[in-house]
Structure formats: structure tokens, C-alpha cells
file target.tsv (TSV, N, CA and C atoms)
chain	number	residue	atom	x	y	z
A	1	MET	N	7.64	-25.41	1.54
A	1	MET	CA	7.23	-24.45	0.53
A	1	MET	C	8.50	-23.83	-0.06
A	2	ASN	N	8.62	-23.90	-1.36
A	2	ASN	CA	9.81	-23.33	-1.98
A	2	ASN	C	9.63	-21.83	-2.21
A	3	LYS	N	10.72	-21.20	-2.63
A	3	LYS	CA	10.73	-19.74	-2.77
A	3	LYS	C	9.71	-19.27	-3.81
A	4	ARG	N	9.59	-20.01	-4.91
A	4	ARG	CA	8.66	-19.61	-5.98
A	4	ARG	C	7.21	-19.67	-5.52
A	5	SER	N	6.81	-20.75	-4.85
A	5	SER	CA	5.42	-20.85	-4.41
A	5	SER	C	5.13	-19.82	-3.31
A	6	PHE	N	6.13	-19.54	-2.46
A	6	PHE	CA	5.95	-18.50	-1.45
A	6	PHE	C	5.71	-17.15	-2.12
A	7	LEU	N	6.48	-16.85	-3.17
A	7	LEU	CA	6.33	-15.58	-3.88
A	7	LEU	C	4.96	-15.47	-4.54
A	8	ILE	N	4.47	-16.58	-5.08
A	8	ILE	CA	3.14	-16.57	-5.70
A	8	ILE	C	2.08	-16.24	-4.65
A	9	TRP	N	2.15	-16.89	-3.48
A	9	TRP	CA	1.19	-16.61	-2.42
A	9	TRP	C	1.31	-15.18	-1.91
A	10	PHE	N	2.53	-14.67	-1.87
A	10	PHE	CA	2.75	-13.29	-1.44
A	10	PHE	C	2.10	-12.32	-2.43
A	11	HIS	N	2.22	-12.59	-3.72
A	11	HIS	CA	1.60	-11.73	-4.73
A	11	HIS	C	0.08	-11.81	-4.65
A	12	ILE	N	-0.46	-12.98	-4.37
A	12	ILE	CA	-1.91	-13.13	-4.20
A	12	ILE	C	-2.38	-12.31	-3.00
A	13	LEU	N	-1.64	-12.40	-1.88
A	13	LEU	CA	-1.97	-11.60	-0.69
A	13	LEU	C	-1.95	-10.10	-1.02
A	14	THR	N	-0.93	-9.66	-1.75
A	14	THR	CA	-0.84	-8.25	-2.13
A	14	THR	C	-2.03	-7.84	-2.99
A	15	GLY	N	-2.40	-8.68	-3.94
A	15	GLY	CA	-3.55	-8.38	-4.80
A	15	GLY	C	-4.85	-8.30	-4.03
A	16	VAL	N	-5.05	-9.23	-3.10
A	16	VAL	CA	-6.26	-9.22	-2.28
A	16	VAL	C	-6.31	-7.96	-1.41
A	17	TYR	N	-5.16	-7.59	-0.84
A	17	TYR	CA	-5.12	-6.37	-0.02
A	17	TYR	C	-5.42	-5.14	-0.88
A	18	TRP	N	-4.87	-5.09	-2.08
A	18	TRP	CA	-5.09	-3.96	-2.98
A	18	TRP	C	-6.58	-3.84	-3.32
A	19	ILE	N	-7.23	-4.97	-3.57
A	19	ILE	CA	-8.67	-4.96	-3.85
A	19	ILE	C	-9.45	-4.47	-2.64
A	20	PHE	N	-9.10	-4.98	-1.46
A	20	PHE	CA	-9.77	-4.55	-0.23
A	20	PHE	C	-9.59	-3.06	0.00
A	21	LEU	N	-8.37	-2.56	-0.21
A	21	LEU	CA	-8.10	-1.13	-0.04
A	21	LEU	C	-8.91	-0.30	-1.03
A	22	THR	N	-9.02	-0.77	-2.26
A	22	THR	CA	-9.82	-0.06	-3.26
A	22	THR	C	-11.27	0.01	-2.83
A	23	LEU	N	-11.80	-1.08	-2.31
A	23	LEU	CA	-13.18	-1.06	-1.82
A	23	LEU	C	-13.35	-0.05	-0.68
A	24	LEU	N	-12.39	-0.03	0.24
A	24	LEU	CA	-12.46	0.93	1.34
A	24	LEU	C	-12.46	2.37	0.83
A	25	LEU	N	-11.62	2.65	-0.15
A	25	LEU	CA	-11.47	4.01	-0.63
A	25	LEU	C	-12.62	4.46	-1.52
A	26	TRP	N	-13.31	3.52	-2.14
A	26	TRP	CA	-14.35	3.89	-3.09
A	26	TRP	C	-15.77	3.73	-2.56
A	27	LEU	N	-15.93	3.07	-1.43
A	27	LEU	CA	-17.26	2.93	-0.87
A	27	LEU	C	-17.73	4.26	-0.28
A	28	PRO	N	-19.02	4.56	-0.40
A	28	PRO	CA	-19.52	5.78	0.23
A	28	PRO	C	-19.29	5.76	1.74
A	29	ASP	N	-19.39	4.59	2.36
A	29	ASP	CA	-19.17	4.47	3.80
A	29	ASP	C	-18.26	3.26	4.06
A	30	PRO	N	-16.94	3.49	4.20
A	30	PRO	CA	-16.02	2.36	4.38
A	30	PRO	C	-16.25	1.58	5.66
A	31	ARG	N	-16.99	2.15	6.61
A	31	ARG	CA	-17.27	1.42	7.85
A	31	ARG	C	-18.04	0.14	7.59
A	32	ALA	N	-18.71	0.06	6.43
A	32	ALA	CA	-19.47	-1.15	6.09
A	32	ALA	C	-18.55	-2.37	6.03
A	33	LEU	N	-17.30	-2.19	5.60
A	33	LEU	CA	-16.35	-3.29	5.55
A	33	LEU	C	-15.54	-3.43	6.83
A	34	LEU	N	-15.60	-2.44	7.68
A	34	LEU	CA	-14.78	-2.45	8.90
A	34	LEU	C	-15.62	-2.64	10.16
A	35	TRP	N	-16.83	-3.18	10.02
A	35	TRP	CA	-17.69	-3.51	11.14
A	35	TRP	C	-17.91	-2.33	12.07
A	36	GLY	N	-18.09	-1.13	11.50
A	36	GLY	CA	-18.43	0.03	12.28
A	36	GLY	C	-17.25	0.84	12.78
A	37	TRP	N	-16.00	0.35	12.58
A	37	TRP	CA	-14.83	1.12	13.01
A	37	TRP	C	-14.69	2.35	12.15
A	38	GLU	N	-14.49	3.49	12.77
A	38	GLU	CA	-14.36	4.76	12.05
A	38	GLU	C	-12.90	5.04	11.76
A	39	PRO	N	-12.46	4.98	10.48
A	39	PRO	CA	-11.05	5.21	10.16
A	39	PRO	C	-10.54	6.57	10.56
A	40	SER	N	-11.40	7.55	10.71
A	40	SER	CA	-10.93	8.89	11.04
A	40	SER	C	-10.81	9.09	12.56
A	41	GLU	N	-11.10	8.05	13.35
A	41	GLU	CA	-10.92	8.19	14.79
A	41	GLU	C	-9.44	8.31	15.09
A	42	GLY	N	-9.10	9.11	16.07
A	42	GLY	CA	-7.69	9.30	16.39
A	42	GLY	C	-7.12	10.44	15.55
A	43	PRO	N	-5.78	10.50	15.42
A	43	PRO	CA	-5.16	11.57	14.64
A	43	PRO	C	-5.67	11.56	13.20
A	44	ARG	N	-5.95	12.73	12.69
A	44	ARG	CA	-6.52	12.85	11.35
A	44	ARG	C	-5.62	12.21	10.30
A	45	GLY	N	-6.20	11.30	9.55
A	45	GLY	CA	-5.51	10.76	8.39
A	45	GLY	C	-4.59	9.59	8.65
A	46	TYR	N	-4.47	9.13	9.89
A	46	TYR	CA	-3.54	8.03	10.10
A	46	TYR	C	-3.99	6.78	9.36
A	47	ALA	N	-5.28	6.61	9.13
A	47	ALA	CA	-5.76	5.44	8.40
A	47	ALA	C	-5.22	5.43	6.98
A	48	HIS	N	-5.17	6.60	6.34
A	48	HIS	CA	-4.61	6.68	4.98
A	48	HIS	C	-3.13	6.31	4.99
A	49	VAL	N	-2.39	6.85	5.94
A	49	VAL	CA	-0.95	6.59	6.01
A	49	VAL	C	-0.70	5.10	6.25
A	50	ILE	N	-1.41	4.51	7.20
A	50	ILE	CA	-1.17	3.11	7.55
A	50	ILE	C	-1.56	2.18	6.41
A	51	THR	N	-2.72	2.41	5.79
A	51	THR	CA	-3.15	1.51	4.72
A	51	THR	C	-2.22	1.59	3.52
A	52	PHE	N	-1.76	2.79	3.17
A	52	PHE	CA	-0.85	2.91	2.04
A	52	PHE	C	0.57	2.48	2.41
A	53	LEU	N	0.95	2.61	3.69
A	53	LEU	CA	2.25	2.11	4.13
A	53	LEU	C	2.29	0.59	3.94
A	54	LEU	N	1.23	-0.08	4.34
A	54	LEU	CA	1.18	-1.53	4.16
A	54	LEU	C	1.18	-1.90	2.68
A	55	LEU	N	0.47	-1.15	1.86
A	55	LEU	CA	0.46	-1.42	0.43
A	55	LEU	C	1.86	-1.23	-0.15
A	56	GLY	N	2.53	-0.13	0.18
A	56	GLY	CA	3.88	0.11	-0.31
A	56	GLY	C	4.85	-0.97	0.14
A	57	LEU	N	4.72	-1.41	1.38
A	57	LEU	CA	5.58	-2.46	1.92
A	57	LEU	C	5.36	-3.77	1.17
A	58	LEU	N	4.11	-4.15	0.97
A	58	LEU	CA	3.81	-5.38	0.24
A	58	LEU	C	4.32	-5.31	-1.20
A	59	VAL	N	4.12	-4.18	-1.84
A	59	VAL	CA	4.59	-4.02	-3.22
A	59	VAL	C	6.10	-4.14	-3.29
A	60	GLU	N	6.80	-3.48	-2.39
A	60	GLU	CA	8.27	-3.52	-2.43
A	60	GLU	C	8.82	-4.91	-2.11
A	61	LEU	N	8.27	-5.56	-1.12
A	61	LEU	CA	8.77	-6.88	-0.76
A	61	LEU	C	8.48	-7.92	-1.83
A	62	GLY	N	7.43	-7.71	-2.61
A	62	GLY	CA	7.10	-8.64	-3.69
A	62	GLY	C	7.68	-8.25	-5.04
A	63	ARG	N	8.32	-7.10	-5.10
A	63	ARG	CA	8.86	-6.59	-6.37
A	63	ARG	C	10.02	-7.46	-6.83
A	64	ARG	N	10.03	-7.77	-8.13
A	64	ARG	CA	11.13	-8.56	-8.67
A	64	ARG	C	11.74	-7.90	-9.90
A	65	LYS	N	10.97	-7.71	-10.95
A	65	LYS	CA	11.55	-7.28	-12.22
A	65	LYS	C	11.46	-5.77	-12.46
A	66	LYS	N	10.39	-5.16	-12.05
A	66	LYS	CA	10.22	-3.72	-12.26
A	66	LYS	C	10.99	-2.94	-11.20
A	67	SER	N	11.41	-1.74	-11.56
A	67	SER	CA	12.18	-0.92	-10.62
A	67	SER	C	11.26	-0.33	-9.55
A	68	ILE	N	11.88	0.12	-8.48
A	68	ILE	CA	11.13	0.75	-7.39
A	68	ILE	C	10.48	2.06	-7.89
A	69	LEU	N	11.12	2.74	-8.83
A	69	LEU	CA	10.54	3.97	-9.37
A	69	LEU	C	9.27	3.68	-10.16
A	70	PHE	N	9.23	2.56	-10.87
A	70	PHE	CA	8.03	2.16	-11.59
A	70	PHE	C	6.87	2.00	-10.61
A	71	TRP	N	7.12	1.25	-9.51
A	71	TRP	CA	6.06	1.02	-8.54
A	71	TRP	C	5.69	2.28	-7.77
A	72	ALA	N	6.65	3.16	-7.54
A	72	ALA	CA	6.33	4.44	-6.90
A	72	ALA	C	5.37	5.22	-7.79
A	73	GLY	N	5.62	5.21	-9.09
A	73	GLY	CA	4.73	5.88	-10.03
A	73	GLY	C	3.33	5.28	-10.04
A	74	ILE	N	3.26	3.95	-9.97
A	74	ILE	CA	1.96	3.28	-9.91
A	74	ILE	C	1.20	3.69	-8.65
A	75	LEU	N	1.90	3.75	-7.53
A	75	LEU	CA	1.24	4.13	-6.27
A	75	LEU	C	0.81	5.60	-6.27
A	76	VAL	N	1.59	6.47	-6.89
A	76	VAL	CA	1.19	7.87	-7.02
A	76	VAL	C	-0.08	7.97	-7.86
A	77	ALA	N	-0.09	7.27	-8.99
A	77	ALA	CA	-1.27	7.28	-9.86
A	77	ALA	C	-2.49	6.71	-9.12
A	78	TYR	N	-2.28	5.66	-8.36
A	78	TYR	CA	-3.37	5.03	-7.60
A	78	TYR	C	-3.94	6.00	-6.56
A	79	ALA	N	-3.06	6.72	-5.86
A	79	ALA	CA	-3.53	7.68	-4.85
A	79	ALA	C	-4.39	8.77	-5.51
A	80	PHE	N	-3.95	9.29	-6.65
A	80	PHE	CA	-4.72	10.31	-7.35
A	80	PHE	C	-6.03	9.74	-7.89
A	81	LEU	N	-5.96	8.55	-8.47
A	81	LEU	CA	-7.15	7.94	-9.06
A	81	LEU	C	-8.24	7.70	-8.02
A	82	THR	N	-7.84	7.24	-6.83
A	82	THR	CA	-8.85	6.99	-5.81
A	82	THR	C	-9.55	8.27	-5.38
A	83	GLU	N	-8.81	9.36	-5.32
A	83	GLU	CA	-9.44	10.63	-4.94
A	83	GLU	C	-10.33	11.18	-6.05
A	84	VAL	N	-9.93	11.00	-7.29
A	84	VAL	CA	-10.76	11.45	-8.42
A	84	VAL	C	-12.07	10.68	-8.43
A	85	VAL	N	-11.99	9.37	-8.22
A	85	VAL	CA	-13.21	8.56	-8.20
A	85	VAL	C	-14.09	8.93	-7.02
A	86	GLN	N	-13.48	9.23	-5.87
A	86	GLN	CA	-14.26	9.61	-4.70
A	86	GLN	C	-15.06	10.89	-4.94
A	87	GLU	N	-14.56	11.76	-5.78
A	87	GLU	CA	-15.28	13.01	-6.10
A	87	GLU	C	-16.63	12.70	-6.75
A	88	MET	N	-16.70	11.56	-7.45
A	88	MET	CA	-17.94	11.18	-8.13
A	88	MET	C	-18.92	10.42	-7.24
A	89	LEU	N	-18.48	10.02	-6.06
A	89	LEU	CA	-19.33	9.24	-5.17
A	89	LEU	C	-20.07	10.14	-4.19
A	90	PRO	N	-21.30	9.75	-3.84
A	90	PRO	CA	-22.01	10.53	-2.82
A	90	PRO	C	-21.31	10.38	-1.46
A	91	ILE	N	-21.32	11.41	-0.70
A	91	ILE	CA	-20.76	11.47	0.65
A	91	ILE	C	-19.24	11.53	0.66
A	92	ARG	N	-18.56	11.22	-0.42
A	92	ARG	CA	-17.09	11.26	-0.47
A	92	ARG	C	-16.69	12.50	-1.26
A	93	ALA	N	-15.44	12.94	-1.09
A	93	ALA	CA	-14.97	14.14	-1.77
A	93	ALA	C	-13.48	14.04	-2.05
A	94	PHE	N	-13.04	14.77	-3.06
A	94	PHE	CA	-11.62	14.88	-3.39
A	94	PHE	C	-10.95	15.68	-2.28
A	95	ASP	N	-9.79	15.20	-1.81
A	95	ASP	CA	-9.10	15.88	-0.72
A	95	ASP	C	-7.60	15.78	-0.92
A	96	TRP	N	-6.94	16.93	-1.08
A	96	TRP	CA	-5.49	16.95	-1.28
A	96	TRP	C	-4.74	16.40	-0.06
A	97	ASP	N	-5.31	16.62	1.13
A	97	ASP	CA	-4.68	16.07	2.34
A	97	ASP	C	-4.65	14.54	2.29
A	98	ASP	N	-5.73	13.94	1.80
A	98	ASP	CA	-5.76	12.48	1.69
A	98	ASP	C	-4.69	11.99	0.72
A	99	ILE	N	-4.51	12.69	-0.38
A	99	ILE	CA	-3.47	12.30	-1.35
A	99	ILE	C	-2.10	12.40	-0.70
A	100	ALA	N	-1.86	13.48	0.03
A	100	ALA	CA	-0.56	13.65	0.70
A	100	ALA	C	-0.32	12.53	1.70
A	101	GLN	N	-1.35	12.17	2.46
A	101	GLN	CA	-1.21	11.10	3.44
A	101	GLN	C	-1.03	9.74	2.76
A	102	ASP	N	-1.75	9.52	1.66
A	102	ASP	CA	-1.57	8.28	0.90
A	102	ASP	C	-0.14	8.16	0.40
A	103	LEU	N	0.38	9.24	-0.17
A	103	LEU	CA	1.74	9.22	-0.71
A	103	LEU	C	2.78	9.07	0.39
A	104	MET	N	2.55	9.72	1.53
A	104	MET	CA	3.48	9.57	2.64
A	104	MET	C	3.55	8.10	3.07
A	105	GLY	N	2.40	7.48	3.21
A	105	GLY	CA	2.35	6.08	3.60
A	105	GLY	C	2.98	5.17	2.56
A	106	ALA	N	2.67	5.41	1.28
A	106	ALA	CA	3.20	4.57	0.21
A	106	ALA	C	4.73	4.66	0.15
A	107	PHE	N	5.25	5.89	0.23
A	107	PHE	CA	6.71	6.06	0.16
A	107	PHE	C	7.41	5.50	1.40
A	108	LEU	N	6.78	5.65	2.56
A	108	LEU	CA	7.33	5.04	3.77
A	108	LEU	C	7.36	3.51	3.63
A	109	GLY	N	6.29	2.95	3.12
A	109	GLY	CA	6.23	1.50	2.92
A	109	GLY	C	7.27	1.02	1.92
A	110	LEU	N	7.41	1.74	0.80
A	110	LEU	CA	8.44	1.37	-0.18
A	110	LEU	C	9.83	1.47	0.44
A	111	GLY	N	10.07	2.53	1.21
A	111	GLY	CA	11.38	2.72	1.83
A	111	GLY	C	11.69	1.67	2.87
A	112	ILE	N	10.72	1.37	3.73
A	112	ILE	CA	10.93	0.34	4.74
A	112	ILE	C	11.16	-1.02	4.08
A	113	GLY	N	10.36	-1.31	3.05
A	113	GLY	CA	10.53	-2.57	2.33
A	113	GLY	C	11.89	-2.66	1.68
A	114	TYR	N	12.36	-1.55	1.11
A	114	TYR	CA	13.68	-1.53	0.47
A	114	TYR	C	14.78	-1.78	1.51
A	115	LEU	N	14.66	-1.14	2.67
A	115	LEU	CA	15.65	-1.36	3.74
A	115	LEU	C	15.61	-2.80	4.25
A	116	LEU	N	14.42	-3.36	4.41
A	116	LEU	CA	14.31	-4.76	4.82
A	116	LEU	C	14.94	-5.69	3.80
A	117	ARG	N	14.74	-5.39	2.52
A	117	ARG	CA	15.33	-6.19	1.46
A	117	ARG	C	16.86	-6.12	1.52
A	118	LEU	N	17.41	-4.92	1.76
A	118	LEU	CA	18.86	-4.78	1.87
A	118	LEU	C	19.42	-5.56	3.05
A	119	VAL	N	18.76	-5.44	4.20
A	119	VAL	CA	19.21	-6.16	5.40
A	119	VAL	C	19.14	-7.66	5.16
A	120	TRP	N	18.03	-8.13	4.58
A	120	TRP	CA	17.88	-9.56	4.31
A	120	TRP	C	18.98	-10.06	3.38
A	121	THR	N	19.28	-9.29	2.36
A	121	THR	CA	20.32	-9.67	1.40
A	121	THR	C	21.69	-9.75	2.11
A	122	LYS	N	21.98	-8.78	2.96
A	122	LYS	CA	23.25	-8.78	3.70
A	122	LYS	C	23.35	-9.97	4.64
A	123	LEU	N	22.22	-10.34	5.26
A	123	LEU	CA	22.24	-11.43	6.22
A	123	LEU	C	22.32	-12.81	5.55
A	124	THR	N	21.79	-12.92	4.35
A	124	THR	CA	21.74	-14.23	3.69
A	124	THR	C	22.90	-14.49	2.74
A	125	VAL	N	23.63	-13.47	2.35
A	125	VAL	CA	24.77	-13.65	1.46
A	125	VAL	C	25.95	-14.14	2.29
A	126	ARG	N	26.53	-15.25	1.86
A	126	ARG	CA	27.66	-15.82	2.59
A	126	ARG	C	28.97	-15.31	1.99
A	127	ASP	N	29.89	-15.02	2.86
A	127	ASP	CA	31.23	-14.59	2.40
A	127	ASP	C	31.95	-15.80	1.81
A	128	THR	N	32.66	-15.55	0.72
A	128	THR	CA	33.40	-16.63	0.06
A	128	THR	C	34.88	-16.33	0.10
A	129	TRP	N	35.44	-16.18	1.30
A	129	TRP	CA	36.85	-15.86	1.44
A	129	TRP	C	37.66	-17.04	1.11

call {"tool": "encode", "arguments": {"input": "target.tsv", "output": "C-alpha cells"}}
result
Amino acid sequence: MNKRSFLIWFHILTGVYWIFLTLLLWLPDPRALLWGWEPSEGPRGYAHVITFLLLGLLVELGRRKKSILFWAGILVAYAFLTEVVQEMLPIRAFDWDDIAQDLMGAFLGLGIGYLLRLVWTKLTVRDTW
């Protein structure tokens, strides 16, 4: 598999995950997609942090032409949009804590992805002394 086809599959994976995450955030009961697992079990909000961390990581590792600030803005808008839409759904509600946790996860994911990209670049670049 060459680099281009790998990148295409990586972008498809990111898109599928983004769609799945949107369904989780917009369904009245996200447990329907998680076979009964309650995302709020354990420390409050860790599900938001983890899901957005993975999204930020996937976005950063697949990023090529747009800047990291562009994608950070997209993720901020996405976090707000999901909460606004949840306000219109039965059983769901707008929650500033959820937005904060979404943003924390997204920025952590972007940051970790950026660091991984830097390390990978350092490891793969050959010295030409």
C-alpha cells in the first residue's frame, strides 16, 4: 500500500468516525449505538473528552493542506453545534460542561497528533552530511 492510498483510507476512517460521533451526540439515547454501555459511567464527562480526543488526533494525523488553526476552529464549531442541536432533542440538553470537555479532548488530540507528527518527521528524515 503506497502513501497516497493509505492516506485515502485514513481519511475515510476519520469520516466514518466523525459520522458515528455525530450520531452518538445527536441521538436522544446514545446507548442505542453502544449496546447499553452508559457513557456517563465513571468520572463525569470522560466520554466527551475521549471521543473528541480521538477525533482531534485523527484530524491532525490526516491533515495535509489546511493549518492546524483551521481544524481547531472546525472542531470548536462542531462542539458548539452539537450542543445547540442537542437542545432541540428530547431528553438531551445544552451543557457548557460538555462543550468544555469536548474542546479539552479535541485540543489534546490535536496536540498529541502534532507531537506525533513532529517525532515521526524527525525519525524519518535522514541526515545528509

call {"tool": "residues_around", "arguments": {"input": "target.tsv", "residues": "region 74-81 of chain A", "least_positions_apart": "5", "cutoff": "8 Å", "atoms": "only C-alpha atoms", "output": "list of chain:residue names"}}
result
A:Gly56, A:Ile99, A:Asp102, A:Leu103, A:Ala106

call {"tool": "atom_distance", "arguments": {"input": "target.tsv", "atom1": "CA of Phe6 (chain A)", "atom2": "CA of Ile50 (chain A)"}}
result
24.5 Å

call {"tool": "atom_distance", "arguments": {"input": "target.tsv", "atom1": "atom N of Val59 (chain A)", "atom2": "CA of Trp9 (chain A)"}}
result
12.8 Å

call {"tool": "closest_residue", "arguments": {"input": "target.tsv", "among": "A:Glu83, A:Met104, A:Tyr114, A:Tyr46", "to": "Ile68 (chain A)", "atoms": "only C-alpha atoms"}}
result
A:Tyr114

call {"tool": "closest_residue", "arguments": {"input": "target.tsv", "among": "A:Ala100, A:Leu110, A:Val85, A:Leu118", "to": "Ser67 (chain A)", "atoms": "only C-alpha atoms"}}
result
A:Leu110

call {"tool": "closest_residue", "arguments": {"input": "target.tsv", "among": "A:Thr22, A:Leu27, A:Lys3, A:Val16", "to": "Pro90 (chain A)", "atoms": "only C-alpha atoms"}}
result
A:Leu27

call {"tool": "closest_residue", "arguments": {"input": "target.tsv", "among": "A:Gly105, A:Phe10, A:Gln86, A:Leu123", "to": "Leu25 (chain A)", "atoms": "only N, CA and C atoms"}}
result
A:Gln86

call {"tool": "select_by_dssp", "arguments": {"input": "target.tsv", "residues": "chain A", "states": "alpha helix (DSSP H)", "output": "PyMOL selection string"}}
result
chain A and resi 3-26+46-62+68-87+96-124

call {"tool": "atom_distance", "arguments": {"input": "target.tsv", "atom1": "atom N of Arg92 (chain A)", "atom2": "CA of Pro28 (chain A)"}}
result
5.6 Å

call {"tool": "closest_residue", "arguments": {"input": "target.tsv", "among": "A:Gly15, A:Ile8, A:Ile112, A:Val119", "to": "Glu60 (chain A)", "atoms": "only N, CA and C atoms"}}
result
A:Ile112

call {"tool": "closest_residue", "arguments": {"input": "target.tsv", "among": "A:Val125, A:Trp26, A:Arg63, A:Phe20", "to": "Leu89 (chain A)", "atoms": "only N, CA and C atoms"}}
result
A:Trp26

call {"tool": "axis_aligned_box", "arguments": {"input": "target.tsv", "around": "region 4-17 of chain A", "padding_each_side": "3 Å", "output": "lines of an AutoDock Vina configuration file"}}
result
center_x = 1.6
center_y = -13.0
center_z = -3.0
size_x = 21.9
size_y = 21.7
size_z = 12.0
